[in-house]
Amino acid sequence: MPPSTTLDLLSLRQRAEIVAIDWTAISDNEGRRLRALGIDTGVSVEKLYKGMFGMNDPIALKVGRMMIAVRKSHARAISVSPVSVTIAA
Amino acid sequence: MSEIAPLIVLAGNPNSGKSALFNALTGARQKIANYPGVTVERKSGHFAFADGRPAELVDLPGSYSLDPTSPDEEVTRSVIMGLQKGERRPDAIILVLDAANLDNHLRFALEVIALGQPVVVALNMMDLAERDGLTLDPARLEQELGVPVIPTVAVRRRGLEDLSSALESRLLHEPENVEPVTPKDRDHGLSMQAKRIARLAVVSETAGRRWSERADALFLHPFAGPLILFAVLFVMFQAVFAWSEAPIGWIESASEWVAASVEANLPSGFIRDFIIEGAIGGVGSVVVFLPQILILFLFILLLEASGYMTRAAYIMDRMMASVGLSGRSFIPLLSSFACAIPGIMATRSISDSRDRLTTILVAPLMTCSARLPVYAIIIGAFIPPTRVGPGIGLQGLVLFGLYVFGIVGAMVVALVLRSTVTKGPNSGFLMEMPKYQMPLMKDILIGLWQRAWIFLRRAGTIIFAATVVLWLLLTFPKVPEDSAMSQVDYSAAGRIANVIAPIVKPVGFDRDIALALIPAMAAREVAVAALATTYAIDAPDEEAEAKSLTERLQSRWSLPTALAFLAWFVFAPQCISTIAVTRRETNGWRWPAFMVIYLFGLAYLAAGITYWTAIALGL
């Protein structure tokens with residue numbers, strides 16, 4: 001199992017579970033919006049795309065069946081634990 | 001049930017297909033207004049039950065939660081709770097859910113159901129869910145939610161009758177008492193509950209990447225993505241000019257024909273002059289831009305309906321961040337190329353108030369279609385149609401330069417504002433990017449019709465009034481026969497212009513231009529009509545009167561003056577409607593006043609620098 005990391009450092013197409021969110025790094029309003037979009041602890045996410053022209057910002061996430069854009073500054077406040085996908089034989 | 005038609009509201013998450021369902025239920029006859037005190041649009045229409053009884057249907061702004069984070073969500077919440085000023089308490093609520101996105105959309109649904117009002121759930125976009133490999137069990141969902149669940153496909157009109165009869169029986173029965181969700185730790189609890197119910201409602205789910213995701217591999221590609229976006233924008237702006245040529249010609253011939261028939265059928269005199277010079281001349285010169293506005297809106301509506309617009313915002317986010325804005329500002333600013341009014345209204349989706357204010361303040365710098373007539377006539381008269389490269393004309397290049405000038409100006413102003421008056425921490429960029437969808441022609445046409453109507457109403461009221469007032473001010477008082485003064489000098493308008501003239505003289509503008517700038521406060525495009533009217537009234541004889549506006553401009557203006565005039569219009573806030581909408585959106589006169597002052601300042605500077613540079617270069 002890879003060690004836990006923050007969302008901005010997660011590699012592309014890697015599934016992970018959100019283990020903690022540092023709400024103090026995010027404004028109240030944005031925190032509410034994050035939760036309204038389904039981003040919360042215990043949720044499984046997948047990083048699909050990142051930035052343009054080699055930049056790492058913003059990040060496109062798959063949450064459930066939705067794709068959501070978040071900025072790196074928010075991703076940094078979200079701790080995730082990568083989930084290794086077992087491929088059925 | 002009461003005598004008045006029941007009020008039914010449509011609520012749901014953004015991208016749940018709510019508006020498509022609204023269009024399918026009501027048809028093209030919709031009324032758009034604003035809720036009092038706020039600029040959230042109230043879209044209503046008529047709906048009839050199977051037995052013909054009418055109901056009023058209102059499409060509420062898309063919301064993620066009853067805990068509002070934007071003015072739009074605030075209105076949705078108060079309408080549903082029956083607290084909104086200017087709206088009665090809804091008799092029933094249609095909750096629209098994307099069938100393929102249940103665990104996210106159920107969160108809002110659970111919040112609304114917990115209020116205990118009559119609710120019918122429309123499980124929308126069932127076809128897309130099936131295509132994604134999802135099999136759902138609506139009966140199970142109904143059992144879990146405790147309210148009727150009707151599978152629908154709004155764009156194919158499937159399930160509408162079932163929805164109608166479910167609503168009918170819901171309206172006849174008193175709402176049952178539903179266990180309200182405890183407000184404590186509501187967010188988390190709701191998410192878990194939503195997820196649990198979603199899992200129960202899904203019968204089977206096949207894995208595999210959806211085609212929408214495959215499309216994103218291309219459109220959000222770090223290098224191909226931006227290139228495709230710029231290609232799309234290039235085609236869009238090309239089309240605005242190329243496709244509009246023919247319809248503009250038709251409108252011109254039509255207004256000439258009307259003017260000719262008035263001339264032939266009315267005795268000469270005040271009334272005839274008024275109709276031809278004031279009404280037809282003034283309004284006609286503005287209505288010719290309808291084709292360009294509609295083409296631009298056609299593209300914007302298509303980009304929005306297909307889901308690509310949010311990708312464009314994603315691609316642009318990094319660039320917008322460099323001037324302190326976010327990708328969310330891209331959509332309002334793009335709309336502002338058609339007209340700043342819908343652009344400023346579109347800023348409502350920006351949740352950060354400082355971001356939103358900055359976007360509103362720079363929106364008038366995007367070259368709106370009202371500037372086109374001004375640019376077109378000046379460029380046509382003063383810039384030679386020479387070629388500067390293969391397929392690139394000098395005239396087109398100057399026009400392009402004016403657009404770029406506006407964009408660069410907006411970026412610089414945004415940067416300055418974000419570090420001064422709208423200073424604050426950089427906001428985030430949080431946005432759902434919905435699945436791609438085939439836009440439905442009917443929805444696009446309804447959208448286009450609504451824009452065309454708003455524009456024509458504007459042309460028929462503000463622009464008409466401005467032209468008429470100017471014409472009257474120019475015509476009266478009549479210059480005495482024995483006076484050496486010209487009619488313009490003697491008229492009321494001329495006297496006002498003579499006061500302003502010394503102020504704008506340093507930047508190369510004469511009395512006639514000062515005169516055109518006054519009515520152009522109402523709307524920029526009036527400047528063209530105003531110049532035409534002034535020179536027509538001032539024409540010494542029949543022969544001079546027959547000269548075109550282009551020829552008159554060439555004989556009266558120097559090149560530096562013409563260039564300064566162009567530079568002026570890149571910045572000048574000459575549009576009453578924009579100022580009015582800014583006042584409404586910012587709830588007061590403070591920000592519109594600030595906007596007017598800074599834009600006039602910049603316009604004066606830009607015109608001055610252009611004029612002085614051109615003189616120094618000996619142009």
# chains A, B, ... in the order shown; residues from 1 in each chain; ligands from 1

$ closest_atom_pairs --of "chain B" --to "chain A" --cutoff "7 Å" --atoms "only C-alpha atoms" --output "Markdown table"
| residue | atom | partner | partner_atom | distance |
| --- | --- | --- | --- | --- |
| B:Tyr64 | CA | A:Ala36 | CA | 5.7 |
| B:Ser65 | CA | A:Ala36 | CA | 6.3 |
| B:Thr69 | CA | A:Asn29 | CA | 6.2 |
| B:Asn101 | CA | A:Arg65 | CA | 5.8 |
| B:Asn104 | CA | A:Gly38 | CA | 6.2 |
| B:Asp187 | CA | A:Arg35 | CA | 6.9 |
| B:Pro222 | CA | A:Met52 | CA | 4.2 |
| B:Phe223 | CA | A:Phe53 | CA | 5.6 |
| B:Ile315 | CA | A:Met52 | CA | 6.5 |
| B:Arg318 | CA | A:Asp57 | CA | 6.7 |
| B:Gly428 | CA | A:Arg71 | CA | 6.1 |
| B:Phe429 | CA | A:Val70 | CA | 5.6 |
| B:Leu430 | CA | A:Val70 | CA | 4.9 |
| B:Met431 | CA | A:Ala69 | CA | 5.2 |
| B:Glu432 | CA | A:Ile68 | CA | 4.4 |
| B:Met433 | CA | A:Met67 | CA | 5.3 |
| B:Pro434 | CA | A:Met67 | CA | 6.8 |

$ write_last_selection --atoms "all heavy atoms" --output "CSV table (one decimal), in the first residue's frame"
chain,number,residue,atom,x,y,z
B,64,TYR,N,-26.9,23.0,-5.3
B,64,TYR,CA,-26.3,21.8,-4.8
B,64,TYR,C,-26.8,21.6,-3.4
B,64,TYR,O,-26.6,20.5,-2.8
B,64,TYR,CB,-24.7,22.0,-4.7
B,64,TYR,CG,-24.1,21.9,-6.1
B,64,TYR,CD1,-23.6,23.0,-6.7
B,64,TYR,CD2,-24.0,20.7,-6.7
B,64,TYR,CE1,-23.0,23.0,-8.0
B,64,TYR,CE2,-23.4,20.6,-8.0
B,64,TYR,CZ,-22.9,21.7,-8.6
B,64,TYR,OH,-22.3,21.6,-9.9
B,65,SER,N,-27.3,22.6,-2.8
B,65,SER,CA,-27.7,22.5,-1.3
B,65,SER,C,-28.7,23.6,-0.9
B,65,SER,O,-28.8,24.6,-1.6
B,65,SER,CB,-26.4,22.7,-0.5
B,65,SER,OG,-26.6,22.9,0.8
B,69,THR,N,-24.6,29.0,-1.1
B,69,THR,CA,-23.3,29.6,-1.3
B,69,THR,C,-23.3,30.6,-2.4
B,69,THR,O,-22.2,31.1,-2.7
B,69,THR,CB,-22.2,28.5,-1.6
B,69,THR,OG1,-22.6,27.8,-2.7
B,69,THR,CG2,-22.1,27.6,-0.4
B,101,ASN,N,-26.2,10.1,-11.8
B,101,ASN,CA,-25.4,10.8,-10.8
B,101,ASN,C,-26.1,10.8,-9.4
B,101,ASN,O,-26.1,11.8,-8.7
B,101,ASN,CB,-25.1,12.2,-11.3
B,101,ASN,CG,-23.8,12.7,-10.7
B,101,ASN,OD1,-23.2,12.2,-9.8
B,101,ASN,ND2,-23.4,13.8,-11.3
B,104,ASN,N,-24.7,11.9,-5.8
B,104,ASN,CA,-24.5,13.4,-5.6
B,104,ASN,C,-25.8,14.1,-5.6
B,104,ASN,O,-25.9,15.0,-4.8
B,104,ASN,CB,-23.6,13.9,-6.7
B,104,ASN,CG,-22.1,13.7,-6.4
B,104,ASN,OD1,-21.6,14.2,-5.3
B,104,ASN,ND2,-21.4,13.0,-7.2
B,187,ASP,N,-24.3,18.0,6.7
B,187,ASP,CA,-23.5,17.7,5.5
B,187,ASP,C,-23.1,16.2,5.4
B,187,ASP,O,-23.4,15.6,4.5
B,187,ASP,CB,-22.2,18.5,5.5
B,187,ASP,CG,-22.5,19.9,4.9
B,187,ASP,OD1,-23.5,20.1,4.3
B,187,ASP,OD2,-21.6,20.8,5.0
B,222,PRO,N,-3.3,18.4,-22.1
B,222,PRO,CA,-2.5,19.6,-21.7
B,222,PRO,C,-2.0,20.4,-22.9
B,222,PRO,O,-1.8,21.6,-22.7
B,222,PRO,CB,-1.3,19.0,-20.9
B,222,PRO,CG,-1.5,17.5,-20.9
B,222,PRO,CD,-2.8,17.1,-21.5
B,223,PHE,N,-1.9,19.8,-24.0
B,223,PHE,CA,-1.5,20.7,-25.2
B,223,PHE,C,-2.6,20.8,-26.2
B,223,PHE,O,-2.8,21.9,-26.7
B,223,PHE,CB,-0.2,20.1,-25.8
B,223,PHE,CG,1.0,20.3,-24.8
B,223,PHE,CD1,1.4,19.2,-24.1
B,223,PHE,CD2,1.6,21.5,-24.7
B,223,PHE,CE1,2.4,19.3,-23.1
B,223,PHE,CE2,2.7,21.6,-23.8
B,223,PHE,CZ,3.1,20.5,-23.0
B,315,ILE,N,-9.7,25.1,-18.8
B,315,ILE,CA,-8.5,25.4,-19.5
B,315,ILE,C,-8.0,26.8,-19.2
B,315,ILE,O,-6.8,27.0,-19.1
B,315,ILE,CB,-8.7,25.2,-21.0
B,315,ILE,CG1,-9.0,23.7,-21.3
B,315,ILE,CG2,-7.6,25.7,-21.9
B,315,ILE,CD1,-9.5,23.4,-22.7
B,318,ARG,N,-5.9,28.7,-15.2
B,318,ARG,CA,-4.6,29.1,-14.8
B,318,ARG,C,-4.3,30.5,-15.3
B,318,ARG,O,-3.7,31.3,-14.5
B,318,ARG,CB,-3.6,28.1,-15.5
B,318,ARG,CG,-2.3,27.8,-14.9
B,318,ARG,CD,-2.2,27.7,-13.4
B,318,ARG,NE,-1.0,28.5,-13.1
B,318,ARG,CZ,-0.9,29.3,-12.1
B,318,ARG,NH1,-1.8,29.4,-11.2
B,318,ARG,NH2,0.2,30.0,-12.0
B,428,GLY,N,-10.9,30.1,-4.8
B,428,GLY,CA,-10.6,28.8,-5.4
B,428,GLY,C,-11.4,28.7,-6.7
B,428,GLY,O,-12.0,29.6,-7.2
B,429,PHE,N,-11.3,27.6,-7.3
B,429,PHE,CA,-12.0,27.3,-8.5
B,429,PHE,C,-12.5,25.9,-8.3
B,429,PHE,O,-11.8,24.9,-8.3
B,429,PHE,CB,-11.0,27.3,-9.7
B,429,PHE,CG,-11.5,26.9,-11.0
B,429,PHE,CD1,-12.6,27.5,-11.6
B,429,PHE,CD2,-11.0,25.8,-11.7
B,429,PHE,CE1,-13.1,27.1,-12.8
B,429,PHE,CE2,-11.5,25.4,-12.9
B,429,PHE,CZ,-12.6,26.0,-13.4
B,430,LEU,N,-13.8,25.9,-8.1
B,430,LEU,CA,-14.5,24.6,-7.8
B,430,LEU,C,-15.7,24.5,-8.7
B,430,LEU,O,-16.5,25.3,-8.7
B,430,LEU,CB,-15.1,24.7,-6.4
B,430,LEU,CG,-14.4,23.9,-5.3
B,430,LEU,CD1,-15.1,24.2,-4.0
B,430,LEU,CD2,-14.3,22.5,-5.6
B,431,MET,N,-15.6,23.5,-9.6
B,431,MET,CA,-16.7,23.5,-10.6
B,431,MET,C,-17.0,22.1,-11.0
B,431,MET,O,-16.0,21.3,-11.2
B,431,MET,CB,-16.2,24.3,-11.8
B,431,MET,CG,-17.3,24.6,-12.8
B,431,MET,SD,-16.5,25.6,-14.1
B,431,MET,CE,-15.4,24.3,-14.7
B,432,GLU,N,-18.2,21.8,-11.2
B,432,GLU,CA,-18.6,20.5,-11.8
B,432,GLU,C,-18.4,20.5,-13.3
B,432,GLU,O,-18.8,21.5,-13.9
B,432,GLU,CB,-20.0,20.1,-11.4
B,432,GLU,CG,-20.5,18.8,-12.0
B,432,GLU,CD,-21.9,18.5,-11.7
B,432,GLU,OE1,-22.6,19.2,-11.0
B,432,GLU,OE2,-22.4,17.5,-12.4
B,433,MET,N,-17.9,19.5,-13.9
B,433,MET,CA,-17.8,19.4,-15.3
B,433,MET,C,-18.7,18.3,-15.8
B,433,MET,O,-18.4,17.1,-15.7
B,433,MET,CB,-16.4,19.2,-15.8
B,433,MET,CG,-15.5,20.4,-15.5
B,433,MET,SD,-13.9,20.3,-16.3
B,433,MET,CE,-13.0,19.5,-15.0
B,434,PRO,N,-19.9,18.7,-16.3
B,434,PRO,CA,-20.9,17.7,-16.6
B,434,PRO,C,-20.5,16.9,-17.8
B,434,PRO,O,-19.6,17.2,-18.6
B,434,PRO,CB,-22.2,18.5,-16.9
B,434,PRO,CG,-21.6,19.8,-17.3
B,434,PRO,CD,-20.3,20.1,-16.6

$ residues_around --residues "Trp250 (chain B)" --least-positions-apart "4" --cutoff "12 Å" --atoms "only C-alpha atoms" --output "list of chain:residue names"
B:Ser244, B:Glu245, B:Ala246, B:Ala254, B:Ser255, B:Glu256, B:Trp257, B:Gly284, B:Val287, B:Val288, B:Phe289, B:Leu290, B:Pro291

$ atom_distance --atom1 "CA of Ala321 (chain B)" --atom2 "CA of Leu402 (chain B)"
23.7 Å

$ residues_around --residues "Ser369 (chain B)" --least-positions-apart "5" --cutoff "10 Å" --atoms "only C-alpha atoms" --output "ChimeraX atom specification"
/B:240,289-290,292-293,296,336-340,374-375,524-525

$ write_last_selection --atoms "N, CA and C atoms" --output "JSON list (two decimals), in the first residue's frame"
[["chain", "number", "residue", "atom", "x", "y", "z"],
["B", 240, "VAL", "N", -19.09, 35.15, -36.76],
["B", 240, "VAL", "CA", -19.85, 36.35, -36.41],
["B", 240, "VAL", "C", -19.82, 37.34, -37.57],
["B", 289, "PHE", "N", -27.41, 44.97, -36.30],
["B", 289, "PHE", "CA", -26.44, 44.14, -35.58],
["B", 289, "PHE", "C", -27.06, 42.91, -34.96],
["B", 290, "LEU", "N", -28.36, 42.78, -35.11],
["B", 290, "LEU", "CA", -29.04, 41.60, -34.58],
["B", 290, "LEU", "C", -28.41, 40.29, -35.09],
["B", 292, "GLN", "N", -25.36, 39.53, -35.97],
["B", 292, "GLN", "CA", -24.08, 39.24, -35.32],
["B", 292, "GLN", "C", -24.28, 38.80, -33.88],
["B", 293, "ILE", "N", -25.20, 39.47, -33.20],
["B", 293, "ILE", "CA", -25.46, 39.12, -31.81],
["B", 293, "ILE", "C", -26.01, 37.71, -31.73],
["B", 296, "LEU", "N", -23.25, 35.05, -32.34],
["B", 296, "LEU", "CA", -22.39, 34.91, -31.17],
["B", 296, "LEU", "C", -23.12, 34.12, -30.07],
["B", 336, "SER", "N", -19.65, 38.57, -22.72],
["B", 336, "SER", "CA", -19.57, 40.02, -22.85],
["B", 336, "SER", "C", -19.12, 40.45, -24.24],
["B", 337, "PHE", "N", -18.57, 39.54, -25.01],
["B", 337, "PHE", "CA", -18.22, 39.88, -26.39],
["B", 337, "PHE", "C", -19.49, 40.10, -27.20],
["B", 338, "ALA", "N", -20.57, 39.45, -26.79],
["B", 338, "ALA", "CA", -21.85, 39.72, -27.44],
["B", 338, "ALA", "C", -22.44, 40.98, -26.83],
["B", 339, "CYS", "N", -22.51, 41.00, -25.49],
["B", 339, "CYS", "CA", -23.11, 42.13, -24.79],
["B", 339, "CYS", "C", -22.75, 42.00, -23.33],
["B", 340, "ALA", "N", -22.36, 43.12, -22.71],
["B", 340, "ALA", "CA", -21.93, 43.07, -21.31],
["B", 340, "ALA", "C", -23.08, 42.75, -20.36],
["B", 374, "VAL", "N", -19.54, 51.16, -34.62],
["B", 374, "VAL", "CA", -18.63, 52.30, -34.51],
["B", 374, "VAL", "C", -17.30, 51.96, -35.15],
["B", 375, "TYR", "N", -16.75, 50.79, -34.77],
["B", 375, "TYR", "CA", -15.46, 50.38, -35.33],
["B", 375, "TYR", "C", -15.57, 50.23, -36.85],
["B", 524, "ARG", "N", -23.65, 52.69, -27.21],
["B", 524, "ARG", "CA", -22.54, 53.07, -28.06],
["B", 524, "ARG", "C", -22.91, 53.22, -29.53],
["B", 525, "GLU", "N", -23.74, 52.26, -30.00],
["B", 525, "GLU", "CA", -24.03, 52.26, -31.42],
["B", 525, "GLU", "C", -24.77, 53.50, -31.87]]

$ closest_residue --among "B:Gln450, B:Gln437, B:Thr561, B:Thr534" --to "Trp211 (chain B)" --atoms "only C-alpha atoms"
B:Gln437

$ select_by_dssp --residues "region 347-575 of chain B" --states "helix (DSSP H, G or I)" --output "PyMOL selection string"
chain B and resi 347-349+353-365+371-382+394-418+441-475+487-490+492-507+511-517+519-521+526-538+542-545+549-556+559-571

$ residues_around --residues "region 301-314 of chain B" --least-positions-apart "5" --cutoff "7 Å" --atoms "only C-alpha atoms" --output "number ranges by chain"
B: 229, 327-328, 330-331, 433-439, 444

$ residues_around --residues "Ser11 (chain A)" --least-positions-apart "3" --cutoff "10 Å" --atoms "only C-alpha atoms" --output "VMD selection string"
chain A and resid 7 to 8 14 to 16 46 to 50 82

$ write_last_selection --atoms "N, CA and C atoms" --output "compact mmCIF listing (two decimals), in the first residue's frame"
# COMPACT_ATOMS: atom_id res chain seq x y z
N LEU A 7 -3.67 15.43 -2.16
CA LEU A 7 -4.31 15.24 -3.46
C LEU A 7 -3.49 15.85 -4.61
N ASP A 8 -2.82 16.97 -4.36
CA ASP A 8 -2.07 17.60 -5.45
C ASP A 8 -0.90 16.75 -5.90
N GLN A 14 -4.86 7.57 -10.52
CA GLN A 14 -4.70 6.83 -9.27
C GLN A 14 -5.94 7.02 -8.41
N ARG A 15 -6.51 5.91 -7.99
CA ARG A 15 -7.66 6.00 -7.08
C ARG A 15 -7.16 6.19 -5.67
N ALA A 16 -7.92 6.94 -4.89
CA ALA A 16 -7.50 7.16 -3.51
C ALA A 16 -8.71 7.48 -2.65
N GLU A 46 -10.61 9.88 -7.89
CA GLU A 46 -9.59 9.49 -8.85
C GLU A 46 -9.14 10.76 -9.56
N LYS A 47 -7.84 10.94 -9.69
CA LYS A 47 -7.32 12.14 -10.36
C LYS A 47 -7.29 11.85 -11.85
N LEU A 48 -8.03 12.63 -12.63
CA LEU A 48 -8.15 12.35 -14.06
C LEU A 48 -7.22 13.20 -14.92
N TYR A 49 -7.21 14.50 -14.67
CA TYR A 49 -6.39 15.40 -15.50
C TYR A 49 -5.78 16.44 -14.60
N LYS A 50 -4.73 17.05 -15.10
CA LYS A 50 -4.17 18.18 -14.36
C LYS A 50 -3.67 19.23 -15.34
N PRO A 82 -3.82 6.36 -1.21
CA PRO A 82 -4.03 5.66 -2.48
C PRO A 82 -4.59 4.26 -2.25

$ residues_around --residues "Ile379 (chain B)" --least-positions-apart "6" --cutoff "8 Å" --atoms "only C-alpha atoms" --output "list in words"
Gln395, Val398 and Leu399 of chain B

$ closest_residue --among "B:Ala572, B:Val203, B:Val119, B:Ile248" --to "Thr135 (chain B)" --atoms "only C-alpha atoms"
B:Val203

$ atom_distance --atom1 "CA of Ile518 (chain B)" --atom2 "CA of Ala497 (chain B)"
7.9 Å

$ closest_residue --among "A:Ile18, A:Val45, A:Leu10, A:Thr24" --to "Val80 (chain A)" --atoms "only C-alpha atoms"
A:Ile18

$ select_by_dssp --residues "region 359-452 of chain B" --states "strand (DSSP E)" --output "VMD selection string"
chain B and resid 387 to 389 392 to 393 431 to 433

$ atom_distance --atom1 "CA of Pro342 (chain B)" --atom2 "CA of Gly588 (chain B)"
18.8 Å
